[in-house]
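Trainee: This is the content of protein16.cif (mmCIF, C-alpha atoms and all ligand atoms):
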data_model
loop_
_atom_site.label_atom_id
_atom_site.label_comp_id
_atom_site.auth_asym_id
_atom_site.auth_seq_id
_atom_site.Cartn_x
_atom_site.Cartn_y
_atom_site.Cartn_z
CA MET A 1 -59.92 166.58 56.34
CA ARG A 2 -56.92 165.12 54.55
CA SER A 3 -55.67 165.46 50.96
CA VAL A 4 -55.04 161.87 49.93
CA ILE A 5 -53.05 160.79 46.86
CA ALA A 6 -55.59 158.75 44.90
CA GLY A 7 -53.32 158.11 41.90
CA CYS A 8 -49.94 158.98 40.36
CA GLY A 9 -48.90 159.18 36.72
CA GLY A 10 -45.85 159.96 34.63
CA TYR A 11 -44.79 160.67 31.08
CA LEU A 12 -41.37 160.55 29.43
CA PRO A 13 -40.72 161.47 25.78
CA ALA A 14 -39.86 158.49 23.58
CA ARG A 15 -36.41 159.78 22.60
CA CYS A 16 -33.76 158.69 25.10
CA LEU A 17 -30.12 159.83 24.84
CA SER A 18 -27.25 158.14 26.67
CA ASN A 19 -24.35 160.28 27.91
CA ALA A 20 -22.22 159.11 25.00
CA ALA A 21 -24.97 159.85 22.45
CA LEU A 22 -25.50 163.32 23.92
CA ALA A 23 -21.78 164.12 23.81
CA ALA A 24 -21.58 162.97 20.18
CA GLU A 25 -24.72 164.83 19.09
CA TYR A 26 -23.67 168.20 20.55
CA GLY A 27 -19.90 167.80 20.14
CA LEU A 28 -19.32 168.12 23.90
CA ASP A 29 -15.92 167.66 25.52
CA THR A 30 -17.20 165.30 28.22
CA SER A 31 -17.38 161.60 29.01
CA ASP A 32 -19.82 159.05 30.39
CA ASP A 33 -17.39 158.47 33.30
CA TRP A 34 -17.30 162.18 34.27
CA ILE A 35 -21.08 162.53 34.19
CA VAL A 36 -21.80 159.25 36.04
CA GLU A 37 -19.17 159.88 38.71
CA ARG A 38 -20.29 163.47 39.49
CA THR A 39 -24.05 163.08 39.08
CA GLY A 40 -25.16 159.43 38.69
CA ILE A 41 -26.87 160.39 35.40
CA ARG A 42 -26.63 157.80 32.59
CA GLN A 43 -29.34 158.96 30.17
CA ARG A 44 -32.20 161.46 29.74
CA HIS A 45 -35.37 161.75 27.65
CA ILE A 46 -35.68 164.64 25.18
CA ALA A 47 -39.03 165.91 23.90
CA ALA A 48 -39.91 165.77 20.21
CA PRO A 49 -40.36 169.11 18.37
CA GLY A 50 -44.17 168.95 18.63
CA GLU A 51 -44.24 168.21 22.38
CA THR A 52 -44.83 170.87 25.03
CA ALA A 53 -45.15 171.13 28.81
CA SER A 54 -48.93 170.93 28.39
CA SER A 55 -48.94 167.87 26.10
CA MET A 56 -46.59 165.99 28.46
CA GLY A 57 -48.49 167.17 31.55
CA THR A 58 -51.77 166.01 30.01
CA ALA A 59 -50.32 162.52 29.38
CA ALA A 60 -49.10 162.26 32.99
CA ALA A 61 -52.44 163.56 34.33
CA ARG A 62 -54.37 161.01 32.23
CA GLN A 63 -52.36 158.17 33.77
CA ALA A 64 -52.84 159.54 37.32
CA LEU A 65 -56.63 159.84 36.80
CA GLU A 66 -56.81 156.37 35.26
CA ARG A 67 -54.86 154.79 38.13
CA ALA A 68 -57.10 156.63 40.61
CA GLY A 69 -60.25 155.56 38.78
CA ILE A 70 -61.39 159.20 38.71
CA ALA A 71 -63.03 160.90 35.71
CA ALA A 72 -61.54 164.20 34.49
CA GLU A 73 -64.92 165.93 35.09
CA ALA A 74 -64.49 165.35 38.84
CA VAL A 75 -61.38 167.61 38.96
CA ASP A 76 -62.06 170.95 40.70
CA ALA A 77 -58.59 172.48 40.20
CA VAL A 78 -55.42 171.92 38.19
CA ILE A 79 -52.12 173.26 39.55
CA VAL A 80 -49.07 173.07 37.31
CA ALA A 81 -45.53 173.60 38.53
CA THR A 82 -43.31 174.51 35.59
CA SER A 83 -40.48 176.82 34.57
CA THR A 84 -41.04 176.00 30.90
CA PRO A 85 -44.70 176.86 30.18
CA ASP A 86 -46.05 176.63 26.62
CA SER A 87 -46.51 180.43 26.72
CA ALA A 88 -46.69 183.25 29.28
CA PHE A 89 -50.46 182.80 29.12
CA PRO A 90 -52.86 181.02 28.91
CA ALA A 91 -51.45 179.10 31.85
CA THR A 92 -50.23 175.59 31.08
CA ALA A 93 -52.73 174.37 33.72
CA VAL A 94 -55.64 175.84 31.74
CA ARG A 95 -54.31 174.31 28.52
CA ILE A 96 -54.17 170.94 30.31
CA GLN A 97 -57.73 171.43 31.62
CA GLN A 98 -58.80 171.95 28.02
CA GLN A 99 -56.85 168.92 26.72
CA LEU A 100 -58.53 166.79 29.41
CA GLY A 101 -61.95 168.16 28.46
CA ILE A 102 -62.51 169.92 31.80
CA THR A 103 -64.70 173.03 31.52
CA ARG A 104 -65.44 173.72 35.20
CA GLY A 105 -63.26 174.65 38.18
CA PHE A 106 -59.98 176.52 37.73
CA GLY A 107 -56.31 176.08 36.92
CA PHE A 108 -53.10 178.04 37.39
CA ASP A 109 -49.31 177.69 37.10
CA LEU A 110 -46.73 178.34 39.74
CA ALA A 111 -43.02 178.97 39.36
CA ALA A 112 -40.70 177.67 42.06
CA ALA A 113 -38.15 175.94 39.79
CA CYS A 114 -37.20 172.44 40.96
CA THR A 115 -39.18 172.89 44.21
CA GLY A 116 -42.32 173.62 42.19
CA PHE A 117 -44.04 170.30 42.81
CA VAL A 118 -43.65 170.57 46.60
CA TYR A 119 -45.01 174.14 46.44
CA ALA A 120 -47.92 172.94 44.29
CA LEU A 121 -48.76 170.17 46.75
CA GLY A 122 -48.78 172.79 49.53
CA MET A 123 -51.17 175.02 47.55
CA ALA A 124 -53.43 172.06 46.69
CA ASP A 125 -53.56 170.96 50.34
CA SER A 126 -54.51 174.51 51.40
CA LEU A 127 -57.32 174.61 48.81
CA MET A 128 -58.62 171.28 50.11
CA ARG A 129 -58.38 172.23 53.79
CA THR A 130 -60.29 175.48 53.18
CA GLY A 131 -63.00 173.66 51.22
CA GLN A 132 -62.26 175.39 47.90
CA ALA A 133 -61.69 172.09 46.11
CA ARG A 134 -62.30 168.41 46.78
CA CYS A 135 -60.29 166.94 43.89
CA VAL A 136 -57.07 168.55 42.64
CA LEU A 137 -54.67 167.54 39.90
CA VAL A 138 -51.10 168.52 40.81
CA ILE A 139 -48.68 168.36 37.89
CA GLY A 140 -44.97 169.00 37.40
CA THR A 141 -44.02 169.27 33.72
CA GLU A 142 -40.77 170.51 32.22
CA ILE A 143 -39.15 170.81 28.81
CA PHE A 144 -35.70 172.00 29.92
CA SER A 145 -34.16 170.90 26.59
CA ARG A 146 -35.55 174.23 25.23
CA ILE A 147 -33.77 176.42 27.85
CA LEU A 148 -30.39 174.70 27.92
CA ASP A 149 -27.20 176.11 26.45
CA TRP A 150 -26.15 173.05 24.46
CA SER A 151 -22.59 174.37 24.25
CA ASP A 152 -22.23 174.49 28.08
CA ARG A 153 -21.10 171.03 29.19
CA GLY A 154 -21.46 172.13 32.84
CA THR A 155 -25.27 172.30 32.59
CA CYS A 156 -26.61 170.62 29.43
CA VAL A 157 -25.65 167.12 30.59
CA LEU A 158 -27.69 167.45 33.79
CA PHE A 159 -31.30 167.83 32.63
CA GLY A 160 -34.06 165.91 30.88
CA ASP A 161 -37.71 166.41 29.84
CA GLY A 162 -40.80 164.80 31.33
CA ALA A 163 -43.93 165.20 33.43
CA GLY A 164 -45.47 163.70 36.56
CA ALA A 165 -48.87 164.12 38.18
CA VAL A 166 -50.86 163.16 41.23
CA VAL A 167 -54.59 163.40 41.82
CA LEU A 168 -55.56 164.41 45.35
CA THR A 169 -58.98 163.78 46.84
CA ALA A 170 -60.46 165.14 50.08
CA GLU A 171 -61.13 162.45 52.68
CA GLN A 172 -62.71 163.02 56.08
CA ASP A 173 -61.23 161.25 59.12
CA SER A 174 -58.49 159.57 57.09
CA ASP A 175 -55.13 158.82 58.66
CA ARG A 176 -53.64 158.90 55.15
CA GLY A 177 -52.79 161.97 53.07
CA ILE A 178 -50.58 165.06 53.27
CA LEU A 179 -49.58 165.65 56.90
CA SER A 180 -47.85 168.99 56.28
CA THR A 181 -45.84 170.96 53.73
CA HIS A 182 -42.92 173.29 54.51
CA LEU A 183 -41.87 175.92 51.97
CA HIS A 184 -38.91 178.32 51.89
CA SER A 185 -37.27 180.79 49.53
CA ASP A 186 -34.32 183.18 49.77
CA GLY A 187 -33.71 185.52 46.83
CA ARG A 188 -30.24 186.46 48.03
CA HIS A 189 -29.02 183.35 46.19
CA GLY A 190 -31.00 184.04 42.99
CA ASP A 191 -27.94 184.43 40.80
CA ILE A 192 -26.46 180.95 41.36
CA LEU A 193 -29.21 179.22 39.38
CA LEU A 194 -31.41 181.12 36.95
CA VAL A 195 -32.82 181.46 33.46
CA GLU A 196 -31.49 184.65 31.89
CA GLY A 197 -34.41 186.66 30.56
CA GLY A 198 -38.04 185.80 29.97
CA PRO A 199 -41.27 187.36 28.66
CA GLY A 200 -41.06 190.44 30.93
CA SER A 201 -37.33 190.94 30.81
CA THR A 202 -35.29 193.66 29.12
CA GLY A 203 -32.83 191.16 27.70
CA GLY A 204 -31.02 187.90 28.26
CA SER A 205 -30.34 184.70 26.43
CA GLY A 206 -33.39 182.82 27.73
CA LEU A 207 -31.00 180.04 28.80
CA LEU A 208 -30.29 178.33 32.11
CA ARG A 209 -27.12 179.27 34.01
CA MET A 210 -25.90 177.52 37.12
CA ALA A 211 -22.99 177.80 39.52
CA GLY A 212 -23.13 174.07 40.30
CA LYS A 213 -20.69 174.04 43.22
CA GLU A 214 -22.59 176.88 44.94
CA VAL A 215 -25.93 175.08 44.52
CA PHE A 216 -24.37 171.88 45.83
CA ARG A 217 -23.08 173.74 48.90
CA HIS A 218 -26.63 174.81 49.86
CA ALA A 219 -28.37 171.55 48.98
CA VAL A 220 -27.78 169.01 51.73
CA SER A 221 -27.94 171.43 54.70
CA LYS A 222 -31.15 173.13 53.50
CA LEU A 223 -32.80 169.83 52.56
CA ALA A 224 -31.87 168.12 55.83
CA GLY A 225 -33.13 171.19 57.73
CA VAL A 226 -36.52 171.26 56.02
CA VAL A 227 -37.07 167.49 56.37
CA ASP A 228 -36.33 167.74 60.11
CA GLU A 229 -38.74 170.70 60.28
CA ALA A 230 -41.48 168.55 58.69
CA LEU A 231 -40.84 165.61 61.01
CA ALA A 232 -40.77 167.83 64.12
CA ALA A 233 -44.05 169.51 63.12
CA ASN A 234 -45.67 166.07 63.21
CA GLY A 235 -43.95 164.80 66.36
CA MET A 236 -41.91 162.33 64.32
CA GLY A 237 -38.24 161.41 63.98
CA HIS A 238 -36.09 159.77 61.31
CA ALA A 239 -37.12 156.29 62.50
CA ASP A 240 -40.76 157.01 61.54
CA LEU A 241 -39.88 157.44 57.85
CA ARG A 242 -40.42 154.59 55.41
CA TRP A 243 -39.50 156.33 52.14
CA LEU A 244 -37.54 159.30 50.85
CA VAL A 245 -38.69 160.54 47.43
CA PRO A 246 -36.23 163.36 46.73
CA HIS A 247 -35.94 165.80 43.86
CA GLN A 248 -33.67 164.04 41.37
CA ALA A 249 -30.78 166.39 40.64
CA ASN A 250 -27.67 164.53 41.68
CA LEU A 251 -27.10 161.03 43.10
CA ARG A 252 -24.48 162.33 45.55
CA ILE A 253 -27.01 164.75 47.11
CA ILE A 254 -29.68 162.02 47.20
CA GLU A 255 -27.35 159.50 48.87
CA ALA A 256 -26.17 162.07 51.41
CA MET A 257 -29.80 162.78 52.34
CA GLY A 258 -30.63 159.06 52.68
CA LYS A 259 -27.65 158.69 55.00
CA LYS A 260 -28.62 161.73 57.10
CA LEU A 261 -32.11 160.30 57.55
CA GLY A 262 -30.76 156.84 58.41
CA LEU A 263 -32.67 155.23 55.53
CA PRO A 264 -31.26 152.15 53.77
CA ARG A 265 -30.60 152.58 50.03
CA GLU A 266 -33.64 150.55 49.02
CA ARG A 267 -35.96 153.04 50.78
CA VAL A 268 -34.67 156.01 48.76
CA VAL A 269 -36.35 156.32 45.35
CA VAL A 270 -33.80 157.03 42.60
CA THR A 271 -34.63 157.86 38.99
CA VAL A 272 -31.91 160.42 38.24
CA ASP A 273 -29.79 157.72 36.57
CA ARG A 274 -32.47 157.25 33.86
CA HIS A 275 -34.39 160.54 33.82
CA ALA A 276 -31.63 163.07 34.74
CA ASN A 277 -32.96 166.24 36.40
CA THR A 278 -36.51 166.94 35.20
CA SER A 279 -36.91 169.86 37.64
CA ALA A 280 -40.52 170.18 38.91
CA ALA A 281 -41.43 166.87 37.24
CA SER A 282 -38.84 164.75 39.03
CA ILE A 283 -40.70 164.03 42.29
CA PRO A 284 -44.08 163.09 40.76
CA LEU A 285 -42.27 160.98 38.12
CA ALA A 286 -40.35 159.17 40.89
CA LEU A 287 -43.56 158.72 42.90
CA ALA A 288 -45.40 157.35 39.87
CA GLU A 289 -42.62 154.89 39.18
CA ALA A 290 -42.30 153.69 42.79
CA ALA A 291 -46.07 153.42 43.29
CA GLY A 292 -46.55 151.81 39.86
CA ARG A 293 -44.00 149.12 40.78
CA GLY A 294 -45.76 148.51 44.09
CA LEU A 295 -42.76 149.66 46.14
CA ILE A 296 -44.50 152.44 48.09
CA GLU A 297 -47.61 150.98 49.67
CA ARG A 298 -50.78 152.39 51.17
CA GLY A 299 -50.10 153.74 54.66
CA ASP A 300 -46.31 154.18 54.21
CA THR A 301 -44.85 157.41 55.64
CA VAL A 302 -43.09 159.27 52.83
CA VAL A 303 -41.09 162.49 52.76
CA LEU A 304 -40.64 164.52 49.56
CA GLU A 305 -37.94 167.20 49.40
CA ALA A 306 -36.51 169.55 46.79
CA ILE A 307 -34.25 172.55 46.25
CA GLY A 308 -34.08 174.72 43.15
CA GLY A 309 -33.63 178.13 41.59
CA GLY A 310 -34.66 181.09 43.72
CA LEU A 311 -33.34 179.64 45.86
CA THR A 312 -36.47 177.75 46.78
CA TRP A 313 -36.63 174.62 48.91
CA GLY A 314 -39.27 172.61 50.71
CA ALA A 315 -40.58 169.29 51.99
CA ALA A 316 -43.89 167.49 52.20
CA LEU A 317 -44.61 164.73 54.70
CA LEU A 318 -47.41 162.33 53.84
CA ARG A 319 -48.93 158.98 54.56
CA PHE A 320 -49.38 157.32 51.17
N1 LIG A 401 -17.69 166.96 31.47
C1 LIG A 401 -16.39 167.13 31.74
N2 LIG A 401 -15.92 168.14 32.49
C2 LIG A 401 -16.82 169.03 32.95
C3 LIG A 401 -18.18 168.93 32.68
C4 LIG A 401 -18.61 167.84 31.91
N3 LIG A 401 -19.91 167.63 31.61
N4 LIG A 401 -18.82 169.95 33.30
C5 LIG A 401 -17.90 170.67 33.93
N5 LIG A 401 -16.68 170.12 33.71
C6 LIG A 401 -15.37 170.60 34.18
C7 LIG A 401 -15.37 172.06 34.48
O1 LIG A 401 -15.13 172.81 33.30
C8 LIG A 401 -14.24 172.16 35.47
O2 LIG A 401 -13.02 172.12 34.75
P1 LIG A 401 -11.81 173.07 35.20
O3 LIG A 401 -11.45 172.59 36.58
O4 LIG A 401 -10.80 172.78 34.15
O5 LIG A 401 -12.36 174.46 35.19
C9 LIG A 401 -14.34 170.85 36.25
O6 LIG A 401 -15.10 169.96 35.43
C10 LIG A 401 -15.03 171.01 37.59
O7 LIG A 401 -16.25 171.73 37.38
P2 LIG A 401 -17.24 171.99 38.55
O8 LIG A 401 -18.44 172.71 38.04
O9 LIG A 401 -16.49 172.62 39.67
O10 LIG A 401 -17.63 170.49 38.93
P3 LIG A 401 -18.37 169.93 40.18
O11 LIG A 401 -17.54 168.91 40.82
O12 LIG A 401 -18.94 171.02 41.05
O13 LIG A 401 -19.60 169.15 39.52
C11 LIG A 401 -21.95 169.47 39.16
C12 LIG A 401 -20.54 169.86 38.74
C13 LIG A 401 -22.17 168.02 38.80
C14 LIG A 401 -22.93 170.33 38.37
C15 LIG A 401 -22.15 169.67 40.64
O14 LIG A 401 -21.67 170.92 41.05
C16 LIG A 401 -23.60 169.57 41.07
O15 LIG A 401 -24.22 168.54 40.94
N6 LIG A 401 -24.14 170.64 41.65
C17 LIG A 401 -25.50 170.64 42.15
C18 LIG A 401 -26.42 170.93 41.05
C19 LIG A 401 -27.80 170.67 41.54
O16 LIG A 401 -28.05 169.92 42.46
N7 LIG A 401 -28.76 171.26 40.94
C20 LIG A 401 -30.07 170.91 41.39
C21 LIG A 401 -30.81 171.96 41.92
S1 LIG A 401 -31.14 172.95 40.64
C22 LIG A 401 -32.26 172.35 39.68
O17 LIG A 401 -32.63 171.22 39.87
C23 LIG A 401 -32.74 173.19 38.55
#
Translate this file's structure into structure tokens.

Mentor:
Amino acid sequence: MRSVIAGCGGYLPARCLSNAALAAEYGLDTSDDWIVERTGIRQRHIAAPGETASSMGTAAARQALERAGIAAEAVDAVIVATSTPDSAFPATAVRIQQQLGITRGFGFDLAAACTGFVYALGMADSLMRTGQARCVLVIGTEIFSRILDWSDRGTCVLFGDGAGAVVLTAEQDSDRGILSTHLHSDGRHGDILLVEGGPGSTGGSGLLRMAGKEVFRHAVSKLAGVVDEALAANGMGHADLRWLVPHQANLRIIEAMGKKLGLPRERVVVTVDRHANTSAASIPLALAEAAGRGLIERGDTVVLEAIGGGLTWGAALLRF
């Protein structure tokens, strides 16, 4: 049995802010040149006051279902990766179930920061392989604009809002689908990227803090290690890869990974320039864009990778 991606979808809020517009709006001492040179980011989308992780996730899920030609009633499970849920509970996944009109099956959220979508794919694949579900919606949805310190130029320029989704279906004897997922976490590095406080905390600002240089230092070695782990588990090497769809945090990290894997630039999907870092939403948004434009084709071997707060990191290898 294989978990095959039957459709991908994405959603970005209508409001789009360039680096210059962001700096002007929040009175930041920064420049377009600084941001582009260090990160590759040129603009980001920011949610409207009435939007939430569930409303954006629902929009992305609708597009994924439509592209897959699958009715919402066929969905057995909804898994949402998010660090910015509408509320502690009900889970954002259950809210999305309701917004899609699904009254059967089950839904739950998982928190693995920017690696959340890769974790969610791993959980969905396990549910499918053990026969607990035959059709799973996997969604990454984030509204980081609500957890940013808009006076901290070191972090607020890096993130954007949005959602991405894939619908997975169980297929017997298929050579397509998720080949394997590889998940890691190490709490010793928890303090280099975190949100201070939360519903069960005794205090804290509720805002994101990051030691950017420290995160950067871990990124390429951990990501390269986990991609090689995924390839080795499937008896493959770099030459077998057709596409890299990385978490979109920083163009320098993305380009370094493409180089390590020996992939030409045009086989590395990049959206960070237009979306900035949308955390758990960045990979499914990038997938939806690349598949929607007909770049990634049926049968292509694709690796997804991400690193985020925790630290968490992981990779998924799949045949599209
Ligand atoms: N504009 C102008 N100057 C700035 C800005 C800004 N927006 N932000 C920071 N600076 C200044 C700093 O104040 C510092 O000035 P100082 O030397 O006078 O103290 C100087 O620039 C250098 O700051 P650093 O933080 O050391 O800059 P660095 O070169 O490390 O770049 C960056 C920062 C872009 C955040 C980089 O470290 C990075 O990309 N790290 C990885 C982050 C990442 O990948 N996160 C993804 C995983 S986490 C997740 O997705 C949730």

Trainee: What does the structure give for the distance between atom CA of A:Gly299 and atom CA of A:Leu244, in Å to one decimal?

Mentor: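 About the pair atom CA of A:Gly299 and atom CA of A:Leu244: they are 14.3 Å apart.
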
Trainee: State, in Å with one decimal place, the distance from atom CA of A:Leu317 to atom CA of A:Leu231.

Mentor: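 Computed distance, atom CA of A:Leu317 to atom CA of A:Leu231, equals 7.4 Å.
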
Trainee: Given the choices A:Ala72, A:Val245, A:Ala113, A:Leu100, which gets closest to ligand LIG 401 (chain A) if the distance is worked out from only C-alpha atoms and all ligand atoms?

Mentor: A:Ala113

Trainee: So which residues fall inside 9 Å of (-42.3, 176.2, 41.9) if we count only C-alpha atoms? Mind giving them as a JSON list (two decimals) with C-alpha atoms, in the frame of the given file?

Mentor:
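Okay, this is what ended up in result32.json:
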[["chain", "number", "residue", "atom", "x", "y", "z"],
["A", 80, "VAL", "CA", -49.07, 173.07, 37.31],
["A", 81, "ALA", "CA", -45.53, 173.60, 38.53],
["A", 82, "THR", "CA", -43.31, 174.51, 35.59],
["A", 83, "SER", "CA", -40.48, 176.82, 34.57],
["A", 109, "ASP", "CA", -49.31, 177.69, 37.10],
["A", 110, "LEU", "CA", -46.73, 178.34, 39.74],
["A", 111, "ALA", "CA", -43.02, 178.97, 39.36],
["A", 112, "ALA", "CA", -40.70, 177.67, 42.06],
["A", 113, "ALA", "CA", -38.15, 175.94, 39.79],
["A", 114, "CYS", "CA", -37.20, 172.44, 40.96],
["A", 115, "THR", "CA", -39.18, 172.89, 44.21],
["A", 116, "GLY", "CA", -42.32, 173.62, 42.19],
["A", 117, "PHE", "CA", -44.04, 170.30, 42.81],
["A", 118, "VAL", "CA", -43.65, 170.57, 46.60],
["A", 119, "TYR", "CA", -45.01, 174.14, 46.44],
["A", 120, "ALA", "CA", -47.92, 172.94, 44.29],
["A", 140, "GLY", "CA", -44.97, 169.00, 37.40],
["A", 280, "ALA", "CA", -40.52, 170.18, 38.91],
["A", 308, "GLY", "CA", -34.08, 174.72, 43.15],
["A", 309, "GLY", "CA", -33.63, 178.13, 41.59],
["A", 312, "THR", "CA", -36.47, 177.75, 46.78]]

Trainee: Using all atoms listed in the file, list the residues that have an atom at most 12 Å from (-43.3, 164.9, 32.9), coordinates as in the file, as a PyMOL selection string.

Mentor: chain A and resi 8-14+45-47+51-64+80-82+84+117+138-144+160-166+275-289

Trainee: Nearest to A:Glu229: which of A:Arg15, A:Arg298, A:His182, A:Arg252 is it, counting all atoms listed in the file?

Mentor: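 Of all the options, A:His182 lies closest to A:Glu229.
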
Trainee: Please identify all protein, DNA and RNA residues within 6 Å of ligand LIG 401 (chain A), counting all atoms listed in the file, and report them as JSON, numbers by chain.

Mentor: {"A": [30, 31, 34, 35, 38, 39, 114, 153, 154, 157, 212, 213, 215, 216, 249, 250, 279, 307, 308, 309]}

Trainee: Which residues are close to A:Thr301, i.e. within 9 Å by all atoms listed in the file, leaving aside same-chain residues fewer than 5 positions away? Reply as number ranges by chain.

Mentor: A: 176, 240-244, 317-320

Trainee: Find the spatial neighbours of A:Leu207, counting all atoms listed in the file, within a cut-off of 6 Å - ignore same-chain residues fewer than 4 positions away - and output them as a PyMOL selection string.

Mentor: chain A and resi 147-149+195-196

Trainee: Which of these, A:Asp300, A:Asp173, A:Asp186, A:Glu66, has the shortest distance to A:Gly314 once you count all atoms listed in the file?

Mentor: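 Using all atoms listed in the file, the shortest distance to A:Gly314 belongs to A:Asp186.
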